[in-house]
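Engineer: Structure provided below as structure tokens; questions to follow.
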Amino acid sequence: MAAHDLVRLLDADPELGERVAPDDVERARHQLVAETRRVPTGRWDAAGVLEPGGTPLGLLLLDGLLLRDLDLGRRASTEVLGFGDILRPWDTDSANSDLPFVARWTVLEPLRLAVLDERFLYSAVHYPAVIDALFARASRRQRGLSVRLVVNQLVRLEDRLTLALWTLAERWGRVTPDGVLVPMGLTHSALARLVGARRPSVTSALGELARDHLLERTEEGWLLRGDPAHLVDPVTERLLAPAQA
């Protein structure tokens, strides 16, 4: 992971400063700076992120796309991380568990990370709104994982895939004349881990969804069609049908 330069965090991530008092914004822009690190595409040995001198508060993802896989034997679960997410890759999942969890990190698009170290924290404590925004980021990530738990309880694989992609579209989607584009090169294997299924089954389900014109794989990512709100009623009907029978 190569070192880069300094970045003004409120310029790189303006949302962090949205609730800072107007009279303090300019001062906060100049004081809240952080070193950046760049990570190329491919497998990332996140254990090498730490440097001598202590553990930072976290890493703020400013650019790029990252997959975090959590393996337990032959089973795996995938989390998609992007702009605005906060990482602490030195916190291992196996540290407080007797189960042999193993985390794997894969960079899909080159990363630029801001190191939120002690120097940043000493400045940030003067701006409680920024600290609050960082805590909100952590809560957002937790809510995203909760949504995935709900989606992965759906029986029909086509429903799980469709809703999983629409949840990604809520954060990273881009509206186009042909539909909503999720600009991510997620492979069938990555999608399988995302929805808790086998890759051959996901390939088959994606084919069905493509034939129904609900999604399309393009050079830029996954193109979604239709209105996600219309997906809820059919899914609910399928979930309630056994109980009503």
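In the structure tokens, the first chain shown is A, the next is B, and so on; residue numbers restart at 1 for each chain, and ligands run from 1 in the order shown.
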Could you pull out the strand (DSSP E) residues of chain A from DSSP and send them as a PyMOL selection string?
Structural biologist: chain A and resi 2-8+33-39+42-44+58-72+75-81+86-87+102-116+174-176+179-182+215-217+222-224
Engineer: Any chance you could tabulate, as CSV, the residues of region 102-173 of chain A at most 9 Å from region 195-212 of chain A with each one's nearest atom pair and distance in Å to one decimal, using only C-alpha atoms, in chain and rising number order?
Structural biologist:
residue,atom,partner,partner_atom,distance
A:Arg148,CA,A:Val195,CA,7.7
A:Val151,CA,A:Val195,CA,7.6
A:Asn152,CA,A:Val195,CA,5.6
A:Leu157,CA,A:Ala205,CA,6.6
A:Glu158,CA,A:Ala205,CA,5.5
A:Arg160,CA,A:Val195,CA,6.2
A:Leu161,CA,A:Val195,CA,6.6
A:Thr162,CA,A:Leu209,CA,8.2
A:Ala164,CA,A:Val195,CA,7.2
Engineer: Output C-alpha atoms for every residue in the selection just made, as a tab-separated table (two decimals), in the first residue's frame.
Structural biologist:
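Dumped to result_28.tsv:
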chain	number	residue	atom	x	y	z
A	148	ARG	CA	-28.64	-8.05	3.51
A	151	VAL	CA	-32.74	-10.04	1.54
A	152	ASN	CA	-30.91	-13.34	2.04
A	157	LEU	CA	-32.84	-16.67	-5.76
A	158	GLU	CA	-34.08	-14.29	-8.47
A	160	ARG	CA	-32.48	-12.13	-3.66
A	161	LEU	CA	-30.34	-11.08	-6.61
A	162	THR	CA	-32.73	-8.38	-7.78
A	164	ALA	CA	-29.47	-7.08	-3.54
Engineer: List the spatial neighbours of Trp172 (chain A) as a PDB file with all heavy atoms, in the first residue's frame - criterion: any atom at most 12 Å away, only C-alpha atoms, same-chain residues fewer than 4 positions off excluded.
Structural biologist:
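Once everything was written out, this is around.pdb:
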ATOM      1  N   GLY A  64     -12.713   4.405  -5.119  1.00  0.00           N
ATOM      2  CA  GLY A  64     -12.509   2.999  -5.380  1.00  0.00           C
ATOM      3  C   GLY A  64     -13.636   2.120  -4.889  1.00  0.00           C
ATOM      4  O   GLY A  64     -14.640   2.582  -4.330  1.00  0.00           O
ATOM      5  N   LEU A  65     -13.455   0.838  -5.090  1.00  0.00           N
ATOM      6  CA  LEU A  65     -14.470  -0.168  -4.751  1.00  0.00           C
ATOM      7  C   LEU A  65     -13.758  -1.381  -4.173  1.00  0.00           C
ATOM      8  O   LEU A  65     -12.750  -1.851  -4.710  1.00  0.00           O
ATOM      9  CB  LEU A  65     -15.270  -0.558  -5.989  1.00  0.00           C
ATOM     10  CG  LEU A  65     -16.525  -1.386  -5.759  1.00  0.00           C
ATOM     11  CD1 LEU A  65     -17.555  -0.596  -4.965  1.00  0.00           C
ATOM     12  CD2 LEU A  65     -17.117  -1.828  -7.090  1.00  0.00           C
ATOM     13  N   VAL A  80     -19.858  -5.214   0.079  1.00  0.00           N
ATOM     14  CA  VAL A  80     -19.356  -4.250  -0.895  1.00  0.00           C
ATOM     15  C   VAL A  80     -19.128  -2.918  -0.188  1.00  0.00           C
ATOM     16  O   VAL A  80     -20.030  -2.397   0.471  1.00  0.00           O
ATOM     17  CB  VAL A  80     -20.348  -4.068  -2.060  1.00  0.00           C
ATOM     18  CG1 VAL A  80     -19.785  -3.088  -3.086  1.00  0.00           C
ATOM     19  CG2 VAL A  80     -20.670  -5.410  -2.719  1.00  0.00           C
ATOM     20  N   LEU A  81     -17.930  -2.362  -0.339  1.00  0.00           N
ATOM     21  CA  LEU A  81     -17.576  -1.109   0.319  1.00  0.00           C
ATOM     22  C   LEU A  81     -17.122  -0.095  -0.721  1.00  0.00           C
ATOM     23  O   LEU A  81     -16.443  -0.446  -1.691  1.00  0.00           O
ATOM     24  CB  LEU A  81     -16.458  -1.341   1.335  1.00  0.00           C
ATOM     25  CG  LEU A  81     -16.794  -2.339   2.455  1.00  0.00           C
ATOM     26  CD1 LEU A  81     -15.538  -2.737   3.196  1.00  0.00           C
ATOM     27  CD2 LEU A  81     -17.801  -1.722   3.407  1.00  0.00           C
ATOM     28  N   GLY A  82     -17.521   1.161  -0.517  1.00  0.00           N
ATOM     29  CA  GLY A  82     -17.168   2.204  -1.463  1.00  0.00           C
ATOM     30  C   GLY A  82     -17.028   3.549  -0.782  1.00  0.00           C
ATOM     31  O   GLY A  82     -16.828   3.635   0.440  1.00  0.00           O
ATOM     32  N   PHE A  83     -17.143   4.600  -1.556  1.00  0.00           N
ATOM     33  CA  PHE A  83     -16.926   5.968  -1.082  1.00  0.00           C
ATOM     34  C   PHE A  83     -17.681   6.240   0.225  1.00  0.00           C
ATOM     35  O   PHE A  83     -18.866   5.958   0.356  1.00  0.00           O
ATOM     36  CB  PHE A  83     -17.395   6.969  -2.140  1.00  0.00           C
ATOM     37  CG  PHE A  83     -17.348   8.404  -1.678  1.00  0.00           C
ATOM     38  CD1 PHE A  83     -16.149   9.069  -1.606  1.00  0.00           C
ATOM     39  CD2 PHE A  83     -18.500   9.064  -1.298  1.00  0.00           C
ATOM     40  CE1 PHE A  83     -16.089  10.390  -1.170  1.00  0.00           C
ATOM     41  CE2 PHE A  83     -18.459  10.376  -0.862  1.00  0.00           C
ATOM     42  CZ  PHE A  83     -17.246  11.042  -0.798  1.00  0.00           C
ATOM     43  N   GLY A  84     -16.935   6.784   1.199  1.00  0.00           N
ATOM     44  CA  GLY A  84     -17.542   7.184   2.454  1.00  0.00           C
ATOM     45  C   GLY A  84     -17.525   6.143   3.539  1.00  0.00           C
ATOM     46  O   GLY A  84     -17.806   6.456   4.707  1.00  0.00           O
ATOM     47  N   LEU A 165     -29.093  -6.167  -5.765  1.00  0.00           N
ATOM     48  CA  LEU A 165     -28.555  -5.190  -6.710  1.00  0.00           C
ATOM     49  C   LEU A 165     -29.236  -3.833  -6.553  1.00  0.00           C
ATOM     50  O   LEU A 165     -28.587  -2.787  -6.684  1.00  0.00           O
ATOM     51  CB  LEU A 165     -28.709  -5.711  -8.142  1.00  0.00           C
ATOM     52  CG  LEU A 165     -27.718  -6.812  -8.529  1.00  0.00           C
ATOM     53  CD1 LEU A 165     -28.131  -7.475  -9.837  1.00  0.00           C
ATOM     54  CD2 LEU A 165     -26.308  -6.246  -8.651  1.00  0.00           C
ATOM     55  N   TRP A 166     -30.538  -3.831  -6.254  1.00  0.00           N
ATOM     56  CA  TRP A 166     -31.218  -2.552  -6.045  1.00  0.00           C
ATOM     57  C   TRP A 166     -30.716  -1.855  -4.773  1.00  0.00           C
ATOM     58  O   TRP A 166     -30.656  -0.626  -4.717  1.00  0.00           O
ATOM     59  CB  TRP A 166     -32.733  -2.742  -5.995  1.00  0.00           C
ATOM     60  CG  TRP A 166     -33.373  -2.736  -7.346  1.00  0.00           C
ATOM     61  CD1 TRP A 166     -33.911  -3.785  -8.017  1.00  0.00           C
ATOM     62  CD2 TRP A 166     -33.535  -1.601  -8.210  1.00  0.00           C
ATOM     63  NE1 TRP A 166     -34.397  -3.391  -9.245  1.00  0.00           N
ATOM     64  CE2 TRP A 166     -34.190  -2.054  -9.388  1.00  0.00           C
ATOM     65  CE3 TRP A 166     -33.200  -0.255  -8.113  1.00  0.00           C
ATOM     66  CZ2 TRP A 166     -34.493  -1.201 -10.443  1.00  0.00           C
ATOM     67  CZ3 TRP A 166     -33.509   0.604  -9.167  1.00  0.00           C
ATOM     68  CH2 TRP A 166     -34.147   0.119 -10.316  1.00  0.00           C
ATOM     69  N   THR A 167     -30.356  -2.624  -3.748  1.00  0.00           N
ATOM     70  CA  THR A 167     -29.804  -1.972  -2.555  1.00  0.00           C
ATOM     71  C   THR A 167     -28.454  -1.343  -2.858  1.00  0.00           C
ATOM     72  O   THR A 167     -28.121  -0.268  -2.323  1.00  0.00           O
ATOM     73  CB  THR A 167     -29.665  -2.976  -1.392  1.00  0.00           C
ATOM     74  OG1 THR A 167     -28.824  -4.058  -1.785  1.00  0.00           O
ATOM     75  CG2 THR A 167     -31.019  -3.511  -0.971  1.00  0.00           C
ATOM     76  N   LEU A 168     -27.664  -1.979  -3.730  1.00  0.00           N
ATOM     77  CA  LEU A 168     -26.409  -1.354  -4.163  1.00  0.00           C
ATOM     78  C   LEU A 168     -26.689  -0.103  -4.986  1.00  0.00           C
ATOM     79  O   LEU A 168     -25.972   0.900  -4.893  1.00  0.00           O
ATOM     80  CB  LEU A 168     -25.587  -2.347  -4.985  1.00  0.00           C
ATOM     81  CG  LEU A 168     -25.070  -3.590  -4.247  1.00  0.00           C
ATOM     82  CD1 LEU A 168     -24.328  -4.507  -5.215  1.00  0.00           C
ATOM     83  CD2 LEU A 168     -24.162  -3.199  -3.091  1.00  0.00           C
ATOM     84  N   VAL A 180     -31.324   1.981 -14.360  1.00  0.00           N
ATOM     85  CA  VAL A 180     -30.397   2.414 -13.313  1.00  0.00           C
ATOM     86  C   VAL A 180     -29.153   1.536 -13.390  1.00  0.00           C
ATOM     87  O   VAL A 180     -29.238   0.314 -13.282  1.00  0.00           O
ATOM     88  CB  VAL A 180     -31.037   2.306 -11.919  1.00  0.00           C
ATOM     89  CG1 VAL A 180     -30.029   2.702 -10.843  1.00  0.00           C
ATOM     90  CG2 VAL A 180     -32.270   3.200 -11.841  1.00  0.00           C
ATOM     91  N   LEU A 181     -28.010   2.174 -13.571  1.00  0.00           N
ATOM     92  CA  LEU A 181     -26.755   1.448 -13.718  1.00  0.00           C
ATOM     93  C   LEU A 181     -26.039   1.355 -12.376  1.00  0.00           C
ATOM     94  O   LEU A 181     -25.833   2.359 -11.699  1.00  0.00           O
ATOM     95  CB  LEU A 181     -25.848   2.152 -14.726  1.00  0.00           C
ATOM     96  CG  LEU A 181     -24.472   1.526 -14.945  1.00  0.00           C
ATOM     97  CD1 LEU A 181     -24.599   0.181 -15.654  1.00  0.00           C
ATOM     98  CD2 LEU A 181     -23.568   2.465 -15.734  1.00  0.00           C
ATOM     99  N   VAL A 182     -25.679   0.132 -11.995  1.00  0.00           N
ATOM    100  CA  VAL A 182     -24.811  -0.091 -10.839  1.00  0.00           C
ATOM    101  C   VAL A 182     -23.405  -0.283 -11.399  1.00  0.00           C
ATOM    102  O   VAL A 182     -23.082  -1.350 -11.940  1.00  0.00           O
ATOM    103  CB  VAL A 182     -25.247  -1.335 -10.039  1.00  0.00           C
ATOM    104  CG1 VAL A 182     -24.336  -1.537  -8.840  1.00  0.00           C
ATOM    105  CG2 VAL A 182     -26.696  -1.192  -9.581  1.00  0.00           C
ATOM    106  N   PRO A 183     -22.559   0.751 -11.331  1.00  0.00           N
ATOM    107  CA  PRO A 183     -21.263   0.713 -12.029  1.00  0.00           C
ATOM    108  C   PRO A 183     -20.222  -0.122 -11.291  1.00  0.00           C
ATOM    109  O   PRO A 183     -19.207   0.383 -10.813  1.00  0.00           O
ATOM    110  CB  PRO A 183     -20.873   2.189 -12.085  1.00  0.00           C
ATOM    111  CG  PRO A 183     -21.485   2.775 -10.859  1.00  0.00           C
ATOM    112  CD  PRO A 183     -22.764   2.026 -10.623  1.00  0.00           C
ATOM    113  N   MET A 184     -20.491  -1.406 -11.208  1.00  0.00           N
ATOM    114  CA  MET A 184     -19.597  -2.312 -10.491  1.00  0.00           C
ATOM    115  C   MET A 184     -19.383  -3.567 -11.321  1.00  0.00           C
ATOM    116  O   MET A 184     -20.349  -4.151 -11.823  1.00  0.00           O
ATOM    117  CB  MET A 184     -20.194  -2.721  -9.139  1.00  0.00           C
ATOM    118  CG  MET A 184     -20.418  -1.599  -8.171  1.00  0.00           C
ATOM    119  SD  MET A 184     -21.153  -2.206  -6.636  1.00  0.00           S
ATOM    120  CE  MET A 184     -21.253  -0.670  -5.712  1.00  0.00           C
ATOM    121  N   GLY A 221     -21.198  -2.215 -15.899  1.00  0.00           N
ATOM    122  CA  GLY A 221     -21.725  -2.799 -14.672  1.00  0.00           C
ATOM    123  C   GLY A 221     -23.039  -3.512 -14.913  1.00  0.00           C
ATOM    124  O   GLY A 221     -23.254  -4.116 -15.967  1.00  0.00           O
ATOM    125  N   TRP A 222     -23.943  -3.402 -13.950  1.00  0.00           N
ATOM    126  CA  TRP A 222     -25.247  -4.054 -14.028  1.00  0.00           C
ATOM    127  C   TRP A 222     -26.333  -3.009 -14.224  1.00  0.00           C
ATOM    128  O   TRP A 222     -26.448  -2.063 -13.444  1.00  0.00           O
ATOM    129  CB  TRP A 222     -25.507  -4.850 -12.749  1.00  0.00           C
ATOM    130  CG  TRP A 222     -24.596  -6.031 -12.622  1.00  0.00           C
ATOM    131  CD1 TRP A 222     -23.398  -6.087 -11.969  1.00  0.00           C
ATOM    132  CD2 TRP A 222     -24.785  -7.314 -13.209  1.00  0.00           C
ATOM    133  NE1 TRP A 222     -22.834  -7.327 -12.095  1.00  0.00           N
ATOM    134  CE2 TRP A 222     -23.670  -8.115 -12.845  1.00  0.00           C
ATOM    135  CE3 TRP A 222     -25.790  -7.891 -13.994  1.00  0.00           C
ATOM    136  CZ2 TRP A 222     -23.534  -9.438 -13.246  1.00  0.00           C
ATOM    137  CZ3 TRP A 222     -25.655  -9.208 -14.385  1.00  0.00           C
ATOM    138  CH2 TRP A 222     -24.545  -9.972 -14.009  1.00  0.00           C
TER     139      TRP A 222
END
Engineer: Could you give me, as a short mmCIF file (atom, residue, chain, number, x, y, z; two decimals) with N, CA, C and O atoms, in the first residue's frame, the residues within 7 Å of Ala34 (chain A), counting only C-alpha atoms and dropping anything in the same chain fewer than 2 positions from it?
Structural biologist:
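Dumped to selection_29.cif:
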data_model
loop_
_atom_site.label_atom_id
_atom_site.label_comp_id
_atom_site.auth_asym_id
_atom_site.auth_seq_id
_atom_site.Cartn_x
_atom_site.Cartn_y
_atom_site.Cartn_z
N LEU A 6 -1.33 14.59 1.35
CA LEU A 6 -2.35 15.03 2.29
C LEU A 6 -3.61 15.42 1.54
O LEU A 6 -3.56 15.87 0.39
N VAL A 7 -4.74 15.27 2.20
CA VAL A 7 -6.02 15.63 1.60
C VAL A 7 -6.83 16.42 2.63
O VAL A 7 -6.77 16.14 3.84
N ARG A 8 -7.53 17.45 2.16
CA ARG A 8 -8.48 18.16 3.02
C ARG A 8 -9.78 17.35 3.00
O ARG A 8 -10.43 17.24 1.95
N LEU A 9 -10.16 16.80 4.14
CA LEU A 9 -11.26 15.84 4.17
C LEU A 9 -12.60 16.47 3.79
O LEU A 9 -13.43 15.81 3.17
N LEU A 32 -8.77 19.96 9.17
CA LEU A 32 -9.07 18.54 9.05
C LEU A 32 -8.40 17.97 7.80
O LEU A 32 -8.98 17.90 6.73
N THR A 36 -3.07 10.19 2.85
CA THR A 36 -3.79 9.21 2.05
C THR A 36 -2.88 8.03 1.70
O THR A 36 -1.66 8.14 1.72
N ALA A 114 -8.09 7.70 3.28
CA ALA A 114 -7.60 8.73 4.20
C ALA A 114 -7.37 8.08 5.55
O ALA A 114 -8.24 7.38 6.08
N VAL A 115 -6.20 8.29 6.12
CA VAL A 115 -5.84 7.71 7.41
C VAL A 115 -6.30 8.65 8.53
O VAL A 115 -5.76 9.75 8.68
N LEU A 116 -7.30 8.22 9.27
CA LEU A 116 -7.83 9.03 10.38
C LEU A 116 -7.01 8.70 11.63
O LEU A 116 -7.39 7.84 12.43
N PHE A 120 -5.48 13.75 13.19
CA PHE A 120 -6.82 14.10 12.73
C PHE A 120 -7.77 14.21 13.91
O PHE A 120 -8.58 15.14 14.00
#
Engineer: By how many Å are CA of Gly58 (chain A) and CA of Asp24 (chain A) apart?
Structural biologist: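 About the pair CA of Gly58 (chain A) and CA of Asp24 (chain A): they are 24.0 Å apart.
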Engineer: Looking at A:Glu109, A:Asp91, A:Asp132, A:Glu216, which one is nearest to Glu15 (chain A), with distances taken over only C-alpha atoms?
Structural biologist: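 Result for the nearest residue to Glu15 (chain A): A:Asp132.
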Engineer: Of the candidates A:Leu72, A:Asp98, A:Ala169, A:Asp117, which one gets nearest to Pro56 (chain A) if we count only C-alpha atoms?
Structural biologist: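 Selected residue with least distance to Pro56 (chain A): A:Asp117.
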